[in-house]
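J.: Pasting a structure below so you can have a look.
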Amino acid sequence: MRMLSLLIKMIELTSTHKISLLMEYYFTLTLVLCVPIFFVLFRRYSSVTTKNPPPSPPKLPFLGNLHQLDSHPHRSLQALAHHHGPLMLLHFGSVPVLVVSTAEVAREVLKTHDLTIASRPKSTVFKKLLYNYKDLASAPYSEYWRQLRSICVLNLLSTKKVCSFRAVREDEAKIMINRIEQSCISSSSKSSVVNLREIFVMLTIDLACRVTTGRKYNSVVGEDGDKILFKDLVWEFIELLGGIYIGDYIPWLAWLTRVNGLDSKLDKVAKQFDDLLDRVIQDHIDQRSKCGNINDNVNHPDDQEENGQNDFVDVLLGIQEDNSSIGLPIDRVTVKALLLDMFSGGTDTSYTLLEWTMAELLRHPRVMKKLQNEVRGIAGNKSEINEDDLNGMNYLKAVIKETLRLHPPLTLLFRISTEDMKIKGYNVKANTQIIDNAWQIGRDPKSYNNPDKYEPERFLNSDVDYKGNHFEFIPFGAGRRSCPGIQYAAMVNEIALANLVHKFDWLVPGGVGAHDIDMTESTGVKTQMKYPLKAVAIPYSYKIKTEEL
Ligand code: HEM
């Protein structure tokens, strides 16, 4: 019975779907039939060992250590690392997984063995949602990946290209502020309770749409002809992308995801996005032939900037038309896969980060005040802050870094070794999954004083950046697979946050104390706040007394 409950807990990790009674029945039946063979096979399986492997907690037959993970894997792995050390070998089902939990070991793994761990583990979710690993984030390390990476770094996310979208970012920040102002104006107290999660989701999705496709989408038409809200589709896509698929670790349980509907959900969402991307690309092709600019602006970032409205679809179509100028030709599926990466990379990480930042600021009124003093001191009574104003805002940048340290949106970095390695004297076999616990590394007392305290000052006058050079701080990863969207993300988050604290004072709603804000994390590998953050916005010019709320 204990075994059954452990397995059920594991399946809950795989999706947000509830397990039906029917599944439990099948489950029990399967177990009863399989338990005797479990132990015979387990004896064989455990006899295949490596000499001098890293420390491992004991494991169960077939489950390995999966039963030791709960719905917050970064926390379970932290607890295991306390007992077994900063480098430990676990087994998720039949898959060996090396877990790294300190900056020192992360440096050895991510720097010394950068090339050996430059591939990502295969995942059925990526396979289904990201065109069979044709995107940049999930592609195995190969010539194809190198080509996509260079397109991203040189053509989509270069400093020049990111700067060229400055007007779009400033415009969307203004729209966000107007939205909040409108809700304050329509309230009799001139202040308003704002659902900050919704505000940040809208900001980042609208921005990503404009940058990637040149326009916004409110709704799309689903398979049955019904309209689906675009933000719901994105939400579903991102939720699925962050899920774990049980069959990847315990192949004989793959049938469960057919029964609980996860397989068909993945297929449905993949198809909805695919249809949308096909339409977007076709619209761009039609537009380009109307304007007669085929082969214009190809692979020349300078020209793209003069054109102004050159979104990512245009850039990629240009590259596709000029296939001779690059290595391997890229096809339409590659264009769609790259667009999905830009879209998913540009949305959930940023709205998650903004939400955690506002929650920490509400919990720490001293930090909020200090930040407002800096921003208001630099921007004065300007109607909007622009990107030039951000240059001198060092405390703002420290606030964002401190949030990334305590709440990295991607808590765990996933890689796979392609050759045998020796780490800290231990032998690690090829085909071992590597997990760097970025969340735990950011809270290591060896790297930080008072690691659990929110103190942005620690990043003032410090040369620690998030570009992958400082292994105690890796919210964007490190090495050749590190995040190529750092600059895009920094600009979006800084302009949004500066405008929010410039224009409004913020309070916790309902007379709740600042420290009563519920900071519970959502489940899974991508960690956002479990409950959407709400706060009272008080327009700065309309300051009212706290007691009146
Ligand atoms: C706060 C914002 C962001 C955070 C915290 C973040 C974090 C990360 C992390 C941890 C990785 C894996 C790194 C590794 O394995 O070493 C990654 C990869 C990636 N990110 Fe980001 N990211 C953010 C924003 C963005 C943006 C804005 C984009 C694009 C518009 C983007 C696109 C990507 C892509 C394509 C990869 C895969 C790179 C590869 O495998 O070669 N990210 N990101």
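The chains in the structure tokens are called A, B, ... from first to last as shown; in each chain the residues are counted from 1, and the ligands are counted from 1 in the order shown.
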Once DSSP has gone over the backbone, tell me which residues of segment 153-239 of chain A are in strand (DSSP E or B), as a list in words.
T.: Ser192, Val193, Val194, Asn195, Ser219, Val220, Val221, Lys227, Ile228 and Leu229 of chain A
J.: Within 7 Å of ligand 1 (counting only C-alpha atoms and all ligand atoms), which residues show up? I'd like them as a short mmCIF file (atom, residue, chain, number, x, y, z; two decimals) with C-alpha atoms, in the first residue's frame.
T.:
data_model
loop_
_atom_site.label_atom_id
_atom_site.label_comp_id
_atom_site.auth_asym_id
_atom_site.auth_seq_id
_atom_site.Cartn_x
_atom_site.Cartn_y
_atom_site.Cartn_z
CA LEU A 136 17.34 25.83 -29.73
CA ALA A 137 16.58 25.03 -26.08
CA SER A 138 16.01 21.29 -26.50
CA ARG A 149 22.45 29.51 -31.40
CA LEU A 157 18.87 38.69 -29.34
CA ASP A 341 11.59 29.43 -27.94
CA MET A 342 11.59 33.20 -28.21
CA PHE A 343 7.99 33.30 -27.17
CA GLY A 345 11.59 32.37 -23.10
CA GLY A 346 10.30 35.92 -23.27
CA THR A 347 7.14 35.46 -21.20
CA THR A 349 10.38 33.78 -16.78
CA SER A 350 9.85 37.55 -16.80
CA LEU A 353 10.40 37.36 -11.79
CA PRO A 408 15.20 31.90 -9.89
CA PRO A 409 12.24 31.26 -12.23
CA LEU A 410 13.98 28.07 -13.42
CA LEU A 413 19.18 23.43 -14.90
CA PHE A 414 18.99 20.21 -16.91
CA ARG A 415 21.84 18.76 -18.99
CA PRO A 475 19.73 32.08 -12.60
CA PHE A 476 20.49 32.20 -16.36
CA GLY A 477 22.72 29.11 -16.30
CA ALA A 478 26.36 29.09 -17.42
CA GLY A 479 28.52 27.84 -20.26
CA ARG A 480 27.57 27.27 -23.86
CA ARG A 481 23.92 26.41 -23.09
CA SER A 482 23.38 29.47 -20.89
CA CYS A 483 20.44 31.76 -21.59
CA PRO A 484 20.85 33.93 -24.73
CA GLY A 485 17.96 36.20 -23.63
CA ILE A 486 19.67 37.90 -20.65
CA TYR A 488 16.13 41.13 -23.46
CA ALA A 489 14.99 40.00 -20.00
#
J.: If you count only C-alpha atoms, which residues fall within 8 Å of segment 364-369 of chain A, apart from same-chain ones fewer than 3 positions away, as a list in words?
T.: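 Counting only the stated atoms, we get Glu360, Leu361, Gln372, Asn373, Pro456, Val501 and Ala514 of chain A.
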J.: Using the selection just defined, write its residues with N, CA and C atoms as a PDB file, in the first residue's frame.
T.:
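Result written to selection-v2.pdb:
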ATOM      1  N   GLU A 360       8.446  40.652  -2.749  1.00  0.00           N
ATOM      2  CA  GLU A 360       9.543  40.941  -1.811  1.00  0.00           C
ATOM      3  C   GLU A 360       9.546  42.422  -1.431  1.00  0.00           C
ATOM      4  N   LEU A 361       9.242  43.292  -2.384  1.00  0.00           N
ATOM      5  CA  LEU A 361       9.216  44.736  -2.070  1.00  0.00           C
ATOM      6  C   LEU A 361       8.089  45.045  -1.082  1.00  0.00           C
ATOM      7  N   GLN A 372      12.203  53.426  -4.418  1.00  0.00           N
ATOM      8  CA  GLN A 372      11.405  54.555  -4.920  1.00  0.00           C
ATOM      9  C   GLN A 372      12.221  55.850  -4.869  1.00  0.00           C
ATOM     10  N   ASN A 373      12.992  56.023  -3.801  1.00  0.00           N
ATOM     11  CA  ASN A 373      13.818  57.233  -3.703  1.00  0.00           C
ATOM     12  C   ASN A 373      14.793  57.304  -4.869  1.00  0.00           C
ATOM     13  N   PRO A 456      19.078  43.450  -1.074  1.00  0.00           N
ATOM     14  CA  PRO A 456      19.671  43.819  -2.374  1.00  0.00           C
ATOM     15  C   PRO A 456      21.034  44.482  -2.229  1.00  0.00           C
ATOM     16  N   VAL A 501       7.204  51.491  -9.601  1.00  0.00           N
ATOM     17  CA  VAL A 501       7.488  52.109  -8.295  1.00  0.00           C
ATOM     18  C   VAL A 501       7.608  53.623  -8.420  1.00  0.00           C
ATOM     19  N   ALA A 514       2.684  42.944   6.145  1.00  0.00           N
ATOM     20  CA  ALA A 514       3.581  42.686   5.010  1.00  0.00           C
ATOM     21  C   ALA A 514       4.116  41.257   5.034  1.00  0.00           C
TER      22      ALA A 514
END
J.: Using only C-alpha atoms, find the one residue out of A:Val211, A:Ile177, A:Val280, A:Ile441 that sits nearest to Cys163 of chain A.
T.: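 Counting only C-alpha atoms, the residue closest to Cys163 of chain A is A:Val211.
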J.: For Pro54 of chain A, list every protein, DNA or RNA residue within 8 Å, evaluated using only C-alpha atoms, and leave out those in the same chain fewer than 5 positions away; present the list as an MDAnalysis selection string.
T.: chainID A and resid 87:89 426:428
J.: Quick check, in Å to one decimal: how far apart do atom CA of Gln440 of chain A and atom CA of Ser101 of chain A lie?
T.: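 Going from atom CA of Gln440 of chain A over to atom CA of Ser101 of chain A covers 6.1 Å.
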J.: I want to know what sits within 12 Å of Lys127 of chain A, based on only C-alpha atoms, with residues of the same chain fewer than 2 positions away left out; could you give that as a PDB file with N, CA and C atoms, in the first residue's frame?
T.:
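Listing of part_19.pdb after writing:
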ATOM      1  N   ARG A 120      20.988  18.469 -23.827  1.00  0.00           N
ATOM      2  CA  ARG A 120      19.884  18.396 -22.861  1.00  0.00           C
ATOM      3  C   ARG A 120      19.292  16.985 -22.878  1.00  0.00           C
ATOM      4  N   PRO A 121      18.730  16.560 -21.725  1.00  0.00           N
ATOM      5  CA  PRO A 121      18.082  15.245 -21.720  1.00  0.00           C
ATOM      6  C   PRO A 121      16.872  15.245 -22.665  1.00  0.00           C
ATOM      7  N   LYS A 122      16.602  14.090 -23.247  1.00  0.00           N
ATOM      8  CA  LYS A 122      15.398  13.964 -24.086  1.00  0.00           C
ATOM      9  C   LYS A 122      14.185  14.032 -23.179  1.00  0.00           C
ATOM     10  N   SER A 123      13.118  14.631 -23.695  1.00  0.00           N
ATOM     11  CA  SER A 123      11.897  14.710 -22.895  1.00  0.00           C
ATOM     12  C   SER A 123      10.711  14.638 -23.845  1.00  0.00           C
ATOM     13  N   THR A 124       9.749  13.789 -23.514  1.00  0.00           N
ATOM     14  CA  THR A 124       8.597  13.632 -24.398  1.00  0.00           C
ATOM     15  C   THR A 124       7.839  14.948 -24.542  1.00  0.00           C
ATOM     16  N   VAL A 125       7.827  15.754 -23.450  1.00  0.00           N
ATOM     17  CA  VAL A 125       7.124  17.033 -23.521  1.00  0.00           C
ATOM     18  C   VAL A 125       7.779  17.928 -24.575  1.00  0.00           C
ATOM     19  N   LEU A 129       6.022  19.239 -27.966  1.00  0.00           N
ATOM     20  CA  LEU A 129       5.688  20.669 -28.064  1.00  0.00           C
ATOM     21  C   LEU A 129       6.684  21.446 -28.919  1.00  0.00           C
ATOM     22  N   LEU A 130       7.920  20.943 -29.023  1.00  0.00           N
ATOM     23  CA  LEU A 130       8.963  21.744 -29.683  1.00  0.00           C
ATOM     24  C   LEU A 130       9.477  21.055 -30.949  1.00  0.00           C
ATOM     25  N   TYR A 131       8.543  20.517 -31.717  1.00  0.00           N
ATOM     26  CA  TYR A 131       8.855  19.986 -33.042  1.00  0.00           C
ATOM     27  C   TYR A 131      10.012  18.988 -33.029  1.00  0.00           C
ATOM     28  N   ASN A 132       9.895  18.016 -32.144  1.00  0.00           N
ATOM     29  CA  ASN A 132      10.885  16.935 -32.154  1.00  0.00           C
ATOM     30  C   ASN A 132      12.313  17.460 -31.959  1.00  0.00           C
ATOM     31  N   TYR A 133      12.482  18.330 -30.961  1.00  0.00           N
ATOM     32  CA  TYR A 133      13.787  18.905 -30.581  1.00  0.00           C
ATOM     33  C   TYR A 133      14.399  19.791 -31.680  1.00  0.00           C
ATOM     34  N   LYS A 134      13.548  20.424 -32.488  1.00  0.00           N
ATOM     35  CA  LYS A 134      14.109  21.284 -33.549  1.00  0.00           C
ATOM     36  C   LYS A 134      14.329  22.717 -33.079  1.00  0.00           C
ATOM     37  N   ASP A 135      13.975  23.008 -31.826  1.00  0.00           N
ATOM     38  CA  ASP A 135      14.214  24.363 -31.322  1.00  0.00           C
ATOM     39  C   ASP A 135      15.622  24.447 -30.717  1.00  0.00           C
ATOM     40  N   ALA A 137      16.455  25.419 -27.491  1.00  0.00           N
ATOM     41  CA  ALA A 137      16.579  25.027 -26.080  1.00  0.00           C
ATOM     42  C   ALA A 137      16.671  23.515 -25.891  1.00  0.00           C
ATOM     43  N   SER A 138      15.993  22.732 -26.742  1.00  0.00           N
ATOM     44  CA  SER A 138      16.006  21.289 -26.495  1.00  0.00           C
ATOM     45  C   SER A 138      16.873  20.521 -27.496  1.00  0.00           C
ATOM     46  N   ALA A 139      17.387  21.202 -28.541  1.00  0.00           N
ATOM     47  CA  ALA A 139      18.181  20.484 -29.565  1.00  0.00           C
ATOM     48  C   ALA A 139      19.427  19.868 -28.929  1.00  0.00           C
ATOM     49  N   PRO A 140      19.778  18.650 -29.326  1.00  0.00           N
ATOM     50  CA  PRO A 140      21.036  18.080 -28.826  1.00  0.00           C
ATOM     51  C   PRO A 140      22.208  18.931 -29.307  1.00  0.00           C
ATOM     52  N   LEU A 240       2.597  23.059 -19.481  1.00  0.00           N
ATOM     53  CA  LEU A 240       2.957  21.733 -19.981  1.00  0.00           C
ATOM     54  C   LEU A 240       4.470  21.619 -20.162  1.00  0.00           C
ATOM     55  N   LEU A 241       5.082  22.691 -20.649  1.00  0.00           N
ATOM     56  CA  LEU A 241       6.524  22.688 -20.899  1.00  0.00           C
ATOM     57  C   LEU A 241       7.315  22.438 -19.611  1.00  0.00           C
ATOM     58  N   TYR A 245       7.358  14.088 -17.469  1.00  0.00           N
ATOM     59  CA  TYR A 245       6.581  13.039 -18.130  1.00  0.00           C
ATOM     60  C   TYR A 245       7.078  11.699 -17.587  1.00  0.00           C
ATOM     61  N   ASP A 248       9.326   9.079 -19.308  1.00  0.00           N
ATOM     62  CA  ASP A 248      10.737   9.350 -19.604  1.00  0.00           C
ATOM     63  C   ASP A 248      11.642   8.699 -18.562  1.00  0.00           C
ATOM     64  N   ASP A 263      -1.200  13.028 -22.773  1.00  0.00           N
ATOM     65  CA  ASP A 263      -0.740  12.885 -24.159  1.00  0.00           C
ATOM     66  C   ASP A 263      -1.607  13.692 -25.118  1.00  0.00           C
ATOM     67  N   LEU A 266      -1.096  17.427 -24.757  1.00  0.00           N
ATOM     68  CA  LEU A 266       0.136  17.895 -25.401  1.00  0.00           C
ATOM     69  C   LEU A 266      -0.076  18.024 -26.913  1.00  0.00           C
ATOM     70  N   ASP A 267      -0.715  16.991 -27.497  1.00  0.00           N
ATOM     71  CA  ASP A 267      -0.940  17.027 -28.949  1.00  0.00           C
ATOM     72  C   ASP A 267      -1.838  18.203 -29.329  1.00  0.00           C
ATOM     73  N   ALA A 270       0.040  21.570 -28.929  1.00  0.00           N
ATOM     74  CA  ALA A 270       1.067  21.675 -29.977  1.00  0.00           C
ATOM     75  C   ALA A 270       0.410  22.045 -31.305  1.00  0.00           C
ATOM     76  N   ALA A 337       9.907  26.499 -34.614  1.00  0.00           N
ATOM     77  CA  ALA A 337      10.477  26.054 -33.330  1.00  0.00           C
ATOM     78  C   ALA A 337      11.236  27.195 -32.650  1.00  0.00           C
TER      79      ALA A 337
END
J.: Could you go through segment 409-522 of chain A and tell me which residues DSSP, when run on the backbone, assigns to alpha helix (DSSP H), listing them as a ChimeraX atom specification?
T.: /A:438-441,486-503
J.: What does the structure give for the distance between atom CA of Met519 of chain A and atom CA of Leu507 of chain A, in Å to one decimal?
T.: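 Rounded to one decimal, the two atoms are 15.8 Å apart.
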J.: With only C-alpha atoms as the basis for distance, which of A:Lys128, A:His515, A:Lys503, A:Lys534 is at the shortest distance from Ala173 of chain A?
T.: A:Lys503
J.: Taking only C-alpha atoms into account, name the residue in A:Phe126, A:Tyr144, A:Phe200, A:Tyr448 that is nearest to Ile238 of chain A.
T.: A:Phe126
J.: I'd like to know which of A:Val105, A:Val220, A:Ile205, A:Ile400 is closest to Asp275 of chain A, using only C-alpha atoms.
T.: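 Among the listed residues, the smallest separation from Asp275 of chain A belongs to A:Val220.
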J.: With distances taken over only C-alpha atoms, which of A:Leu340, A:Val95, A:Leu156, A:Val335 is nearest to Ile416 of chain A?
T.: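 Using only C-alpha atoms, the shortest distance to Ile416 of chain A belongs to A:Val95.
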J.: Neighbouring residues of Ile281 of chain A were defined as those with any atom within 7 Å, considering only C-alpha atoms; residues of the same chain fewer than 4 positions away were excluded. Please report them as an MDAnalysis selection string.
T.: chainID A and resid 277 285 313
J.: Would you compute the distance between atom CA of Pro329 of chain A and atom CA of Gln147 of chain A? Give it in Å to one decimal.
T.: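 Spanning atom CA of Pro329 of chain A to atom CA of Gln147 of chain A is a straight-line distance of 9.6 Å.
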J.: Using only C-alpha atoms, which protein or nucleic acid residues come within 10 Å of Arg107 of chain A? Drop anything in the same chain fewer than 6 positions from it, and give the result as an MDAnalysis selection string.
T.: chainID A and resid 100 113:114 468:472 478:479
